[in-house]
Amino acid sequence: MFSGILINKNDAGQTVEVAQIDESQLPAGNVTVDVEYSTLNYKDGLAITGSSPVVRKFPMVPGIDLAGVVSESSHPEWKKGDRVVLNGWGVGEGHWGGLAQKARLNGDWLIPLPKAFTSRQAMAIGTAGYTAALCVDALVKYGITPDQGEILVTGATGGVGSVAVLLLAKAGFTVVAATGKASEESYLKDLGASAIIDRVTLAEKGKPLQKERWAGVVDAVGSHTLVNACAQTRYCGAVAACGLAQGADFPSTVMPFILRGVALLGVDSVMAPRPRRIAAWERLAKDLDGSSLEMIAHEVSLAEAIPAAADLLKGKIRGRLVVNVKK
């Protein structure tokens, strides 16, 4: 038996609890992992609270991330004792995920845990941080360089935003962080932001073309924030879009794209191919250190993760929530 968060649903609605689960209940897979740490991402918050139908079958162990040690494997790449990390691939939605002490998975979904990180540090990064790395890689690959001007990071105190600020500052970019939390200015500047702007200036409907400011943008917010970010991006700049905290709509015009040559780069972390994942984690291992991660990480137990999911959706969580599944 092992402990895990279990989501069930019936005619009366959804229930969520920390349950004792028999290993025979684990889904099919060719690698079994003793999970050491998981984390809470926005999608996990939606799953646990039932705010959005991200869970596709029940019962479900949520958790789109995990880090731990292989205990059994029939997959050719993995053997007992290997340290691994998983992000996405539909776990916690259609396949039991990481918010439990054990997971059985398809070995193709796993990558080696970088030697630079412990399991706890890898989950302080999690899908949010890995997505941030994908966004930075997308901007750099497109050709955005530090000498071209400021980079805007929206939702900067969230998981994606916090890591994006760290990575961009480390790469030499001048980072401007957008947040609705004025009290977090010192936190964001400690991460590497050069300036802070109020998210309200981006959150309402604006003109299709606005004063050019940003060489590039990392946006985890969507909706009007993404529209305004595009409208303020400089000629031949690029916007990496990866989230929808404000909304999934994009009430824009084509003006920034056809008159200023702005590129809108969609960033998906869930099904990203293995080489792109490896490259993102290599950037994280190179540019992040333990002290930086401690600035953004807050540890909770499995039981504490359940109420924390609602706080995450309400924007009350700064940085990253690391879940110690042994607690």
# chains A, B, ... in the order shown; residues from 1 in each chain; ligands from 1
call {"tool": "residues_around", "arguments": {"residues": "Met295 of chain A", "least_positions_apart": "3", "cutoff": "9 Å", "atoms": "only C-alpha atoms", "output": "number ranges by chain"}}
result
A: 187, 190-191, 290-292, 298, 319
call {"tool": "residues_around", "arguments": {"residues": "Arg199 of chain A", "least_positions_apart": "5", "cutoff": "8 Å", "atoms": "only C-alpha atoms", "output": "number ranges by chain"}}
result
A: 154-155, 178-180, 225
call {"tool": "atom_distance", "arguments": {"atom1": "atom CA of Val300 of chain A", "atom2": "atom CA of Ala28 of chain A"}}
result
28.5 Å
call {"tool": "residues_around", "arguments": {"residues": "Glu17 of chain A", "least_positions_apart": "2", "cutoff": "6 Å", "atoms": "only C-alpha atoms", "output": "list in words"}}
result
Ile5, Leu6 and Ala19 of chain A
call {"tool": "residues_around", "arguments": {"residues": "Ile125 of chain A", "least_positions_apart": "5", "cutoff": "9 Å", "atoms": "only C-alpha atoms", "output": "list in words"}}
result
Thr39, Arg120, Tyr130, Gly159, Val160, Val163, Leu284, Leu293, Ile296, Ala297, Arg320 and Val322 of chain A
call {"tool": "write_last_selection", "arguments": {"atoms": "C-alpha atoms", "output": "short mmCIF file (atom, residue, chain, number, x, y, z; two decimals), in the first residue's frame"}}
result
data_model
loop_
_atom_site.label_atom_id
_atom_site.label_comp_id
_atom_site.auth_asym_id
_atom_site.auth_seq_id
_atom_site.Cartn_x
_atom_site.Cartn_y
_atom_site.Cartn_z
CA THR A 39 4.59 19.58 -7.47
CA ARG A 120 13.23 18.18 -4.74
CA TYR A 130 10.50 23.44 -17.78
CA GLY A 159 5.76 29.30 -11.47
CA VAL A 160 6.43 29.89 -15.17
CA VAL A 163 11.69 30.68 -13.54
CA LEU A 284 17.85 24.70 -16.47
CA LEU A 293 15.42 27.48 -6.49
CA ILE A 296 10.88 30.21 -5.34
CA ALA A 297 10.11 26.85 -3.68
CA ARG A 320 6.50 26.98 -6.89
CA VAL A 322 6.88 21.32 -4.08
#
call {"tool": "closest_residue", "arguments": {"among": "A:Arg274, A:Arg83, A:His95, A:Lys43", "to": "Pro59 of chain A", "atoms": "only C-alpha atoms"}}
result
A:His95
call {"tool": "closest_residue", "arguments": {"among": "A:Glu36, A:Glu77, A:Asp137, A:Asp44", "to": "Ala100 of chain A", "atoms": "only C-alpha atoms"}}
result
A:Glu36
call {"tool": "select_by_dssp", "arguments": {"residues": "segment 5-99 of chain A", "states": "strand (DSSP E or B)", "output": "MDAnalysis selection string"}}
result
chainID A and resid 5:10 13:21 31:40 60 65:73 83:87 91 95
call {"tool": "write_last_selection", "arguments": {"atoms": "C-alpha atoms", "output": "mmCIF file, in the first residue's frame"}}
result
data_model
loop_
_atom_site.group_PDB
_atom_site.id
_atom_site.type_symbol
_atom_site.label_atom_id
_atom_site.label_comp_id
_atom_site.auth_asym_id
_atom_site.auth_seq_id
_atom_site.Cartn_x
_atom_site.Cartn_y
_atom_site.Cartn_z
ATOM 1 C CA ILE A 5 -4.168 11.889 -3.765
ATOM 2 C CA LEU A 6 -7.150 10.210 -5.376
ATOM 3 C CA ILE A 7 -9.895 11.995 -7.309
ATOM 4 C CA ASN A 8 -13.257 10.288 -7.771
ATOM 5 C CA LYS A 9 -16.463 11.493 -9.345
ATOM 6 C CA ASN A 10 -20.056 10.319 -9.169
ATOM 7 C CA GLY A 13 -19.891 15.441 -7.692
ATOM 8 C CA GLN A 14 -16.133 15.181 -7.301
ATOM 9 C CA THR A 15 -14.279 14.012 -4.200
ATOM 10 C CA VAL A 16 -10.573 14.405 -3.442
ATOM 11 C CA GLU A 17 -8.676 12.720 -0.605
ATOM 12 C CA VAL A 18 -5.340 11.306 0.431
ATOM 13 C CA ALA A 19 -6.003 7.580 0.123
ATOM 14 C CA GLN A 20 -4.174 4.315 0.725
ATOM 15 C CA ILE A 21 -3.733 2.653 -2.665
ATOM 16 C CA VAL A 31 8.459 1.387 -15.600
ATOM 17 C CA THR A 32 7.512 1.725 -11.928
ATOM 18 C CA VAL A 33 8.905 4.719 -10.056
ATOM 19 C CA ASP A 34 9.222 5.323 -6.337
ATOM 20 C CA VAL A 35 8.193 8.970 -6.349
ATOM 21 C CA GLU A 36 10.177 11.262 -4.058
ATOM 22 C CA TYR A 37 8.691 14.652 -4.931
ATOM 23 C CA SER A 38 5.933 16.064 -7.096
ATOM 24 C CA THR A 39 4.592 19.576 -7.467
ATOM 25 C CA LEU A 40 1.465 21.631 -8.110
ATOM 26 C CA MET A 60 -7.384 9.535 -11.023
ATOM 27 C CA ASP A 65 5.128 16.070 -12.710
ATOM 28 C CA LEU A 66 7.234 13.671 -10.681
ATOM 29 C CA ALA A 67 10.826 12.928 -9.787
ATOM 30 C CA GLY A 68 12.060 9.728 -8.227
ATOM 31 C CA VAL A 69 13.869 6.417 -8.575
ATOM 32 C CA VAL A 70 13.037 3.491 -10.850
ATOM 33 C CA SER A 71 12.053 0.438 -8.794
ATOM 34 C CA GLU A 72 11.046 -1.895 -11.676
ATOM 35 C CA SER A 73 11.538 -1.695 -15.428
ATOM 36 C CA ARG A 83 16.860 8.667 -11.203
ATOM 37 C CA VAL A 84 14.204 10.103 -13.507
ATOM 38 C CA VAL A 85 11.916 13.058 -14.041
ATOM 39 C CA LEU A 86 8.601 13.269 -15.868
ATOM 40 C CA ASN A 87 6.678 16.294 -17.163
ATOM 41 C CA VAL A 91 -0.271 12.009 -16.699
ATOM 42 C CA HIS A 95 -3.002 8.289 -16.764
#
call {"tool": "select_by_dssp", "arguments": {"residues": "segment 30-209 of chain A", "states": "helix (DSSP H, G or I)", "output": "CSV table (one decimal) with N, CA and C atoms, in the first residue's frame"}}
result
chain,number,residue,atom,x,y,z
A,42,TYR,N,-0.7,24.8,-12.5
A,42,TYR,CA,-2.0,25.3,-12.7
A,42,TYR,C,-3.0,24.2,-13.1
A,43,LYS,N,-2.5,23.3,-14.0
A,43,LYS,CA,-3.4,22.2,-14.4
A,43,LYS,C,-3.8,21.3,-13.3
A,44,ASP,N,-2.8,21.1,-12.4
A,44,ASP,CA,-3.1,20.2,-11.2
A,44,ASP,C,-4.2,20.9,-10.3
A,45,GLY,N,-4.1,22.2,-10.2
A,45,GLY,CA,-5.1,23.0,-9.5
A,45,GLY,C,-6.5,22.8,-10.1
A,46,LEU,N,-6.6,22.8,-11.4
A,46,LEU,CA,-7.8,22.6,-12.1
A,46,LEU,C,-8.3,21.2,-11.8
A,47,ALA,N,-7.5,20.2,-11.9
A,47,ALA,CA,-7.9,18.8,-11.6
A,47,ALA,C,-8.4,18.6,-10.2
A,48,ILE,N,-7.6,19.1,-9.3
A,48,ILE,CA,-8.0,18.8,-7.8
A,48,ILE,C,-9.3,19.5,-7.4
A,49,THR,N,-9.4,20.8,-7.9
A,49,THR,CA,-10.6,21.5,-7.5
A,49,THR,C,-11.8,21.2,-8.4
A,107,GLY,N,7.9,4.2,-20.2
A,107,GLY,CA,9.3,4.6,-20.1
A,107,GLY,C,9.7,5.7,-21.1
A,108,ASP,N,9.0,5.7,-22.2
A,108,ASP,CA,9.3,6.7,-23.2
A,108,ASP,C,9.0,8.1,-22.7
A,109,TRP,N,8.2,8.2,-21.7
A,109,TRP,CA,7.9,9.6,-21.1
A,109,TRP,C,8.9,10.1,-20.2
A,119,SER,N,15.9,15.5,-6.5
A,119,SER,CA,14.5,15.3,-6.9
A,119,SER,C,13.7,16.5,-6.5
A,120,ARG,N,14.0,17.0,-5.3
A,120,ARG,CA,13.2,18.2,-4.7
A,120,ARG,C,13.5,19.4,-5.6
A,121,GLN,N,14.7,19.6,-6.0
A,121,GLN,CA,15.0,20.8,-6.8
A,121,GLN,C,14.4,20.7,-8.2
A,122,ALA,N,14.3,19.4,-8.8
A,122,ALA,CA,13.7,19.2,-10.1
A,122,ALA,C,12.2,19.6,-10.0
A,123,MET,N,11.6,19.3,-8.8
A,123,MET,CA,10.2,19.6,-8.7
A,123,MET,C,9.9,21.1,-8.3
A,124,ALA,N,10.9,21.7,-7.8
A,124,ALA,CA,10.8,23.2,-7.6
A,124,ALA,C,10.8,23.8,-9.0
A,125,ILE,N,11.3,23.1,-10.0
A,125,ILE,CA,11.2,23.6,-11.4
A,125,ILE,C,9.9,23.1,-12.0
A,126,GLY,N,9.8,21.8,-12.0
A,126,GLY,CA,8.5,21.2,-12.5
A,126,GLY,C,8.2,21.6,-13.9
A,127,THR,N,6.9,21.3,-14.3
A,127,THR,CA,6.5,21.7,-15.6
A,127,THR,C,6.5,23.2,-15.8
A,128,ALA,N,6.2,23.9,-14.8
A,128,ALA,CA,6.2,25.4,-14.9
A,128,ALA,C,7.6,25.9,-15.3
A,129,GLY,N,8.6,25.4,-14.6
A,129,GLY,CA,10.0,25.9,-14.9
A,129,GLY,C,10.5,25.3,-16.2
A,130,TYR,N,10.1,24.1,-16.5
A,130,TYR,CA,10.5,23.4,-17.8
A,130,TYR,C,9.8,24.2,-18.9
A,131,THR,N,8.6,24.6,-18.8
A,131,THR,CA,7.9,25.4,-19.8
A,131,THR,C,8.6,26.7,-20.0
A,132,ALA,N,9.0,27.4,-18.9
A,132,ALA,CA,9.7,28.6,-18.9
A,132,ALA,C,11.0,28.4,-19.8
A,133,ALA,N,11.7,27.3,-19.6
A,133,ALA,CA,12.9,27.0,-20.3
A,133,ALA,C,12.6,26.9,-21.8
A,134,LEU,N,11.5,26.2,-22.1
A,134,LEU,CA,11.1,26.0,-23.5
A,134,LEU,C,10.8,27.4,-24.1
A,135,CYS,N,10.2,28.3,-23.4
A,135,CYS,CA,9.9,29.7,-23.9
A,135,CYS,C,11.2,30.4,-24.2
A,136,VAL,N,12.1,30.4,-23.2
A,136,VAL,CA,13.4,31.1,-23.4
A,136,VAL,C,14.1,30.5,-24.6
A,137,ASP,N,14.1,29.1,-24.7
A,137,ASP,CA,14.8,28.5,-25.9
A,137,ASP,C,14.1,29.0,-27.2
A,138,ALA,N,12.8,29.1,-27.2
A,138,ALA,CA,12.0,29.5,-28.4
A,138,ALA,C,12.5,30.9,-28.8
A,139,LEU,N,12.6,31.8,-27.8
A,139,LEU,CA,13.0,33.2,-28.2
A,139,LEU,C,14.4,33.3,-28.7
A,140,VAL,N,15.3,32.5,-28.0
A,140,VAL,CA,16.7,32.5,-28.4
A,140,VAL,C,16.9,31.9,-29.8
A,141,LYS,N,16.2,30.8,-30.0
A,141,LYS,CA,16.2,30.1,-31.3
A,141,LYS,C,15.7,31.0,-32.4
A,142,TYR,N,14.7,31.8,-32.1
A,142,TYR,CA,14.1,32.7,-33.1
A,142,TYR,C,15.1,33.8,-33.5
A,146,PRO,N,20.1,39.7,-26.2
A,146,PRO,CA,20.0,40.7,-25.1
A,146,PRO,C,20.2,42.2,-25.6
A,147,ASP,N,21.0,42.4,-26.6
A,147,ASP,CA,21.2,43.7,-27.1
A,147,ASP,C,20.0,44.4,-27.8
A,148,GLN,N,19.0,43.6,-28.1
A,148,GLN,CA,17.8,44.1,-28.9
A,148,GLN,C,16.8,44.8,-28.0
A,159,GLY,N,4.7,30.3,-11.2
A,159,GLY,CA,5.8,29.3,-11.5
A,159,GLY,C,6.5,29.5,-12.8
A,160,VAL,N,5.8,29.7,-13.9
A,160,VAL,CA,6.4,29.9,-15.2
A,160,VAL,C,7.2,31.2,-15.1
A,161,GLY,N,6.5,32.3,-14.7
A,161,GLY,CA,7.1,33.6,-14.7
A,161,GLY,C,8.3,33.7,-13.8
A,162,SER,N,8.3,33.1,-12.6
A,162,SER,CA,9.5,33.2,-11.7
A,162,SER,C,10.7,32.5,-12.4
A,163,VAL,N,10.5,31.3,-12.9
A,163,VAL,CA,11.7,30.7,-13.5
A,163,VAL,C,12.1,31.4,-14.8
A,164,ALA,N,11.2,31.9,-15.6
A,164,ALA,CA,11.5,32.7,-16.8
A,164,ALA,C,12.4,33.9,-16.4
A,165,VAL,N,12.0,34.6,-15.4
A,165,VAL,CA,12.8,35.8,-14.9
A,165,VAL,C,14.2,35.3,-14.6
A,166,LEU,N,14.3,34.2,-13.8
A,166,LEU,CA,15.7,33.7,-13.5
A,166,LEU,C,16.5,33.4,-14.7
A,167,LEU,N,15.9,32.6,-15.6
A,167,LEU,CA,16.6,32.1,-16.8
A,167,LEU,C,17.0,33.3,-17.7
A,168,LEU,N,16.1,34.2,-18.0
A,168,LEU,CA,16.4,35.3,-18.9
A,168,LEU,C,17.4,36.2,-18.3
A,169,ALA,N,17.4,36.5,-17.0
A,169,ALA,CA,18.4,37.4,-16.4
A,169,ALA,C,19.8,36.7,-16.5
A,170,LYS,N,19.8,35.4,-16.2
A,170,LYS,CA,21.0,34.6,-16.3
A,170,LYS,C,21.6,34.7,-17.7
A,182,ALA,N,2.2,44.3,-5.9
A,182,ALA,CA,3.2,45.3,-5.7
A,182,ALA,C,4.2,44.9,-4.6
A,183,SER,N,3.7,44.1,-3.6
A,183,SER,CA,4.5,43.7,-2.5
A,183,SER,C,5.6,42.7,-2.9
A,184,GLU,N,5.5,42.2,-4.1
A,184,GLU,CA,6.5,41.2,-4.5
A,184,GLU,C,7.7,41.8,-5.3
A,185,GLU,N,7.8,43.1,-5.3
A,185,GLU,CA,8.8,43.8,-6.1
A,185,GLU,C,10.2,43.3,-5.7
A,186,SER,N,10.5,43.2,-4.4
A,186,SER,CA,11.8,42.8,-4.0
A,186,SER,C,12.1,41.4,-4.4
A,187,TYR,N,11.1,40.5,-4.3
A,187,TYR,CA,11.2,39.1,-4.7
A,187,TYR,C,11.6,39.0,-6.2
A,188,LEU,N,10.9,39.8,-7.1
A,188,LEU,CA,11.1,39.7,-8.5
A,188,LEU,C,12.5,40.3,-8.8
A,189,LYS,N,12.9,41.3,-8.1
A,189,LYS,CA,14.2,41.9,-8.4
A,189,LYS,C,15.3,41.0,-7.9
A,190,ASP,N,15.1,40.3,-6.8
A,190,ASP,CA,16.0,39.3,-6.4
A,190,ASP,C,16.2,38.2,-7.4
A,191,LEU,N,15.1,37.8,-8.1
A,191,LEU,CA,15.2,36.8,-9.2
A,191,LEU,C,16.0,37.3,-10.4
A,200,VAL,N,-2.2,45.4,-14.5
A,200,VAL,CA,-3.4,46.1,-14.9
A,200,VAL,C,-3.2,46.9,-16.2
A,201,THR,N,-1.9,47.3,-16.5
A,201,THR,CA,-1.6,48.1,-17.7
A,201,THR,C,-1.7,47.2,-18.9
A,202,LEU,N,-1.8,45.9,-18.7
A,202,LEU,CA,-1.8,45.0,-19.9
A,202,LEU,C,-3.2,44.2,-19.9
A,203,ALA,N,-3.9,44.3,-18.9
A,203,ALA,CA,-5.1,43.4,-18.7
A,203,ALA,C,-6.4,43.8,-19.4
call {"tool": "residues_around", "arguments": {"residues": "Phe250 of chain A", "least_positions_apart": "6", "cutoff": "9 Å", "atoms": "only C-alpha atoms", "output": "list in words"}}
result
Gly222, Ser223, His224, Leu226 and Val227 of chain A
call {"tool": "write_last_selection", "arguments": {"atoms": "N, CA and C atoms", "output": "compact mmCIF listing (two decimals), in the first residue's frame"}}
result
# COMPACT_ATOMS: atom_id res chain seq x y z
N GLY A 222 -2.28 34.95 -21.43
CA GLY A 222 -3.27 34.89 -22.49
C GLY A 222 -4.20 36.07 -22.52
N SER A 223 -5.28 35.96 -23.28
CA SER A 223 -6.35 36.95 -23.38
C SER A 223 -5.80 38.35 -23.69
N HIS A 224 -6.36 39.38 -23.04
CA HIS A 224 -5.97 40.76 -23.36
C HIS A 224 -4.51 41.02 -23.04
N LEU A 226 -1.95 38.99 -23.47
CA LEU A 226 -1.17 38.56 -24.62
C LEU A 226 -1.37 39.50 -25.80
N VAL A 227 -2.59 39.94 -26.00
CA VAL A 227 -2.87 40.88 -27.10
C VAL A 227 -2.06 42.16 -26.95
call {"tool": "residues_around", "arguments": {"residues": "segment 229-239 of chain A", "least_positions_apart": "2", "cutoff": "6 Å", "atoms": "only C-alpha atoms", "output": "MDAnalysis selection string"}}
result
chainID A and resid 208:217 226:227 256 260:265
call {"tool": "write_last_selection", "arguments": {"atoms": "C-alpha atoms", "output": "mmCIF file, in the first residue's frame"}}
result
data_model
loop_
_atom_site.group_PDB
_atom_site.id
_atom_site.type_symbol
_atom_site.label_atom_id
_atom_site.label_comp_id
_atom_site.auth_asym_id
_atom_site.auth_seq_id
_atom_site.Cartn_x
_atom_site.Cartn_y
_atom_site.Cartn_z
ATOM 1 C CA PRO A 208 -4.129 46.971 -32.041
ATOM 2 C CA LEU A 209 -0.741 48.691 -32.303
ATOM 3 C CA GLN A 210 0.855 50.443 -29.346
ATOM 4 C CA LYS A 211 4.192 52.054 -28.574
ATOM 5 C CA GLU A 212 6.970 49.595 -29.336
ATOM 6 C CA ARG A 213 8.850 48.443 -26.242
ATOM 7 C CA TRP A 214 9.567 44.715 -25.998
ATOM 8 C CA ALA A 215 12.170 42.798 -27.974
ATOM 9 C CA GLY A 216 10.527 39.633 -26.713
ATOM 10 C CA VAL A 217 7.848 38.383 -24.363
ATOM 11 C CA LEU A 226 -1.172 38.555 -24.618
ATOM 12 C CA VAL A 227 -2.874 40.876 -27.104
ATOM 13 C CA PRO A 256 1.375 43.382 -35.074
ATOM 14 C CA ARG A 260 5.728 44.876 -37.518
ATOM 15 C CA GLY A 261 6.679 41.313 -38.360
ATOM 16 C CA VAL A 262 6.064 40.182 -34.783
ATOM 17 C CA ALA A 263 6.252 36.405 -34.329
ATOM 18 C CA LEU A 264 3.844 34.606 -32.019
ATOM 19 C CA LEU A 265 5.570 31.419 -30.880
#
call {"tool": "atom_distance", "arguments": {"atom1": "atom CA of Ser74 of chain A", "atom2": "atom CA of Ser3 of chain A"}}
result
24.2 Å
call {"tool": "closest_residue", "arguments": {"among": "A:Pro273, A:Gly143, A:Pro27, A:Gly50", "to": "Leu313 of chain A", "atoms": "only C-alpha atoms"}}
result
A:Gly50
call {"tool": "decode", "arguments": {"residues": "segment 236-298 of chain A", "atoms": "C-alpha atoms", "output": "PDB file, in the first residue's frame"}}
result
ATOM      1  CA  CYS A 236      10.616  41.698 -35.741  1.00  0.00           C
ATOM      2  CA  GLY A 237      10.332  40.819 -32.069  1.00  0.00           C
ATOM      3  CA  ALA A 238       8.829  37.591 -30.773  1.00  0.00           C
ATOM      4  CA  VAL A 239       6.275  36.530 -28.184  1.00  0.00           C
ATOM      5  CA  ALA A 240       6.418  33.056 -26.626  1.00  0.00           C
ATOM      6  CA  ALA A 241       2.906  32.136 -25.434  1.00  0.00           C
ATOM      7  CA  CYS A 242       2.410  29.222 -23.071  1.00  0.00           C
ATOM      8  CA  GLY A 243      -0.533  29.879 -20.755  1.00  0.00           C
ATOM      9  CA  LEU A 244      -4.060  31.126 -20.211  1.00  0.00           C
ATOM     10  CA  ALA A 245      -4.287  32.335 -16.612  1.00  0.00           C
ATOM     11  CA  GLN A 246      -6.398  35.315 -17.725  1.00  0.00           C
ATOM     12  CA  GLY A 247      -8.251  33.394 -20.422  1.00  0.00           C
ATOM     13  CA  ALA A 248      -7.992  31.222 -23.515  1.00  0.00           C
ATOM     14  CA  ASP A 249      -9.340  33.920 -25.819  1.00  0.00           C
ATOM     15  CA  PHE A 250      -7.133  36.022 -28.094  1.00  0.00           C
ATOM     16  CA  PRO A 251      -9.170  39.135 -29.004  1.00  0.00           C
ATOM     17  CA  SER A 252      -6.571  40.625 -31.330  1.00  0.00           C
ATOM     18  CA  THR A 253      -5.971  41.776 -34.884  1.00  0.00           C
ATOM     19  CA  VAL A 254      -3.296  40.729 -37.359  1.00  0.00           C
ATOM     20  CA  MET A 255      -1.705  44.205 -37.224  1.00  0.00           C
ATOM     21  CA  PRO A 256       1.375  43.382 -35.074  1.00  0.00           C
ATOM     22  CA  PHE A 257       2.152  40.384 -37.246  1.00  0.00           C
ATOM     23  CA  ILE A 258       1.788  41.929 -40.711  1.00  0.00           C
ATOM     24  CA  LEU A 259       2.911  45.511 -40.000  1.00  0.00           C
ATOM     25  CA  ARG A 260       5.728  44.876 -37.518  1.00  0.00           C
ATOM     26  CA  GLY A 261       6.679  41.313 -38.360  1.00  0.00           C
ATOM     27  CA  VAL A 262       6.064  40.182 -34.783  1.00  0.00           C
ATOM     28  CA  ALA A 263       6.252  36.405 -34.329  1.00  0.00           C
ATOM     29  CA  LEU A 264       3.844  34.606 -32.019  1.00  0.00           C
ATOM     30  CA  LEU A 265       5.570  31.419 -30.880  1.00  0.00           C
ATOM     31  CA  GLY A 266       3.286  28.810 -29.360  1.00  0.00           C
ATOM     32  CA  VAL A 267       4.978  26.752 -26.649  1.00  0.00           C
ATOM     33  CA  ASP A 268       3.567  23.365 -25.638  1.00  0.00           C
ATOM     34  CA  SER A 269       5.165  21.434 -22.797  1.00  0.00           C
ATOM     35  CA  VAL A 270       2.840  18.425 -22.580  1.00  0.00           C
ATOM     36  CA  MET A 271       3.748  16.620 -25.805  1.00  0.00           C
ATOM     37  CA  ALA A 272       7.065  18.303 -26.603  1.00  0.00           C
ATOM     38  CA  PRO A 273       9.458  15.853 -28.291  1.00  0.00           C
ATOM     39  CA  ARG A 274      12.292  14.354 -26.274  1.00  0.00           C
ATOM     40  CA  PRO A 275      15.166  16.403 -27.833  1.00  0.00           C
ATOM     41  CA  ARG A 276      13.371  19.648 -26.968  1.00  0.00           C
ATOM     42  CA  ARG A 277      12.810  18.428 -23.403  1.00  0.00           C
ATOM     43  CA  ILE A 278      16.452  17.474 -22.996  1.00  0.00           C
ATOM     44  CA  ALA A 279      17.571  20.881 -24.302  1.00  0.00           C
ATOM     45  CA  ALA A 280      15.231  22.691 -21.895  1.00  0.00           C
ATOM     46  CA  TRP A 281      16.504  20.707 -18.910  1.00  0.00           C
ATOM     47  CA  GLU A 282      20.087  21.312 -20.012  1.00  0.00           C
ATOM     48  CA  ARG A 283      19.396  25.061 -19.914  1.00  0.00           C
ATOM     49  CA  LEU A 284      17.851  24.700 -16.470  1.00  0.00           C
ATOM     50  CA  ALA A 285      20.818  22.693 -15.192  1.00  0.00           C
ATOM     51  CA  LYS A 286      23.274  25.256 -16.587  1.00  0.00           C
ATOM     52  CA  ASP A 287      21.536  28.427 -15.465  1.00  0.00           C
ATOM     53  CA  LEU A 288      19.788  27.580 -12.188  1.00  0.00           C
ATOM     54  CA  ASP A 289      21.391  26.802  -8.861  1.00  0.00           C
ATOM     55  CA  GLY A 290      20.051  25.519  -5.558  1.00  0.00           C
ATOM     56  CA  SER A 291      19.934  28.927  -3.890  1.00  0.00           C
ATOM     57  CA  SER A 292      17.868  30.360  -6.737  1.00  0.00           C
ATOM     58  CA  LEU A 293      15.420  27.479  -6.491  1.00  0.00           C
ATOM     59  CA  GLU A 294      15.046  27.917  -2.747  1.00  0.00           C
ATOM     60  CA  MET A 295      13.877  31.473  -3.403  1.00  0.00           C
ATOM     61  CA  ILE A 296      10.876  30.214  -5.345  1.00  0.00           C
ATOM     62  CA  ALA A 297      10.113  26.846  -3.680  1.00  0.00           C
ATOM     63  CA  HIS A 298       7.660  26.140  -0.857  1.00  0.00           C
TER      64      HIS A 298
END
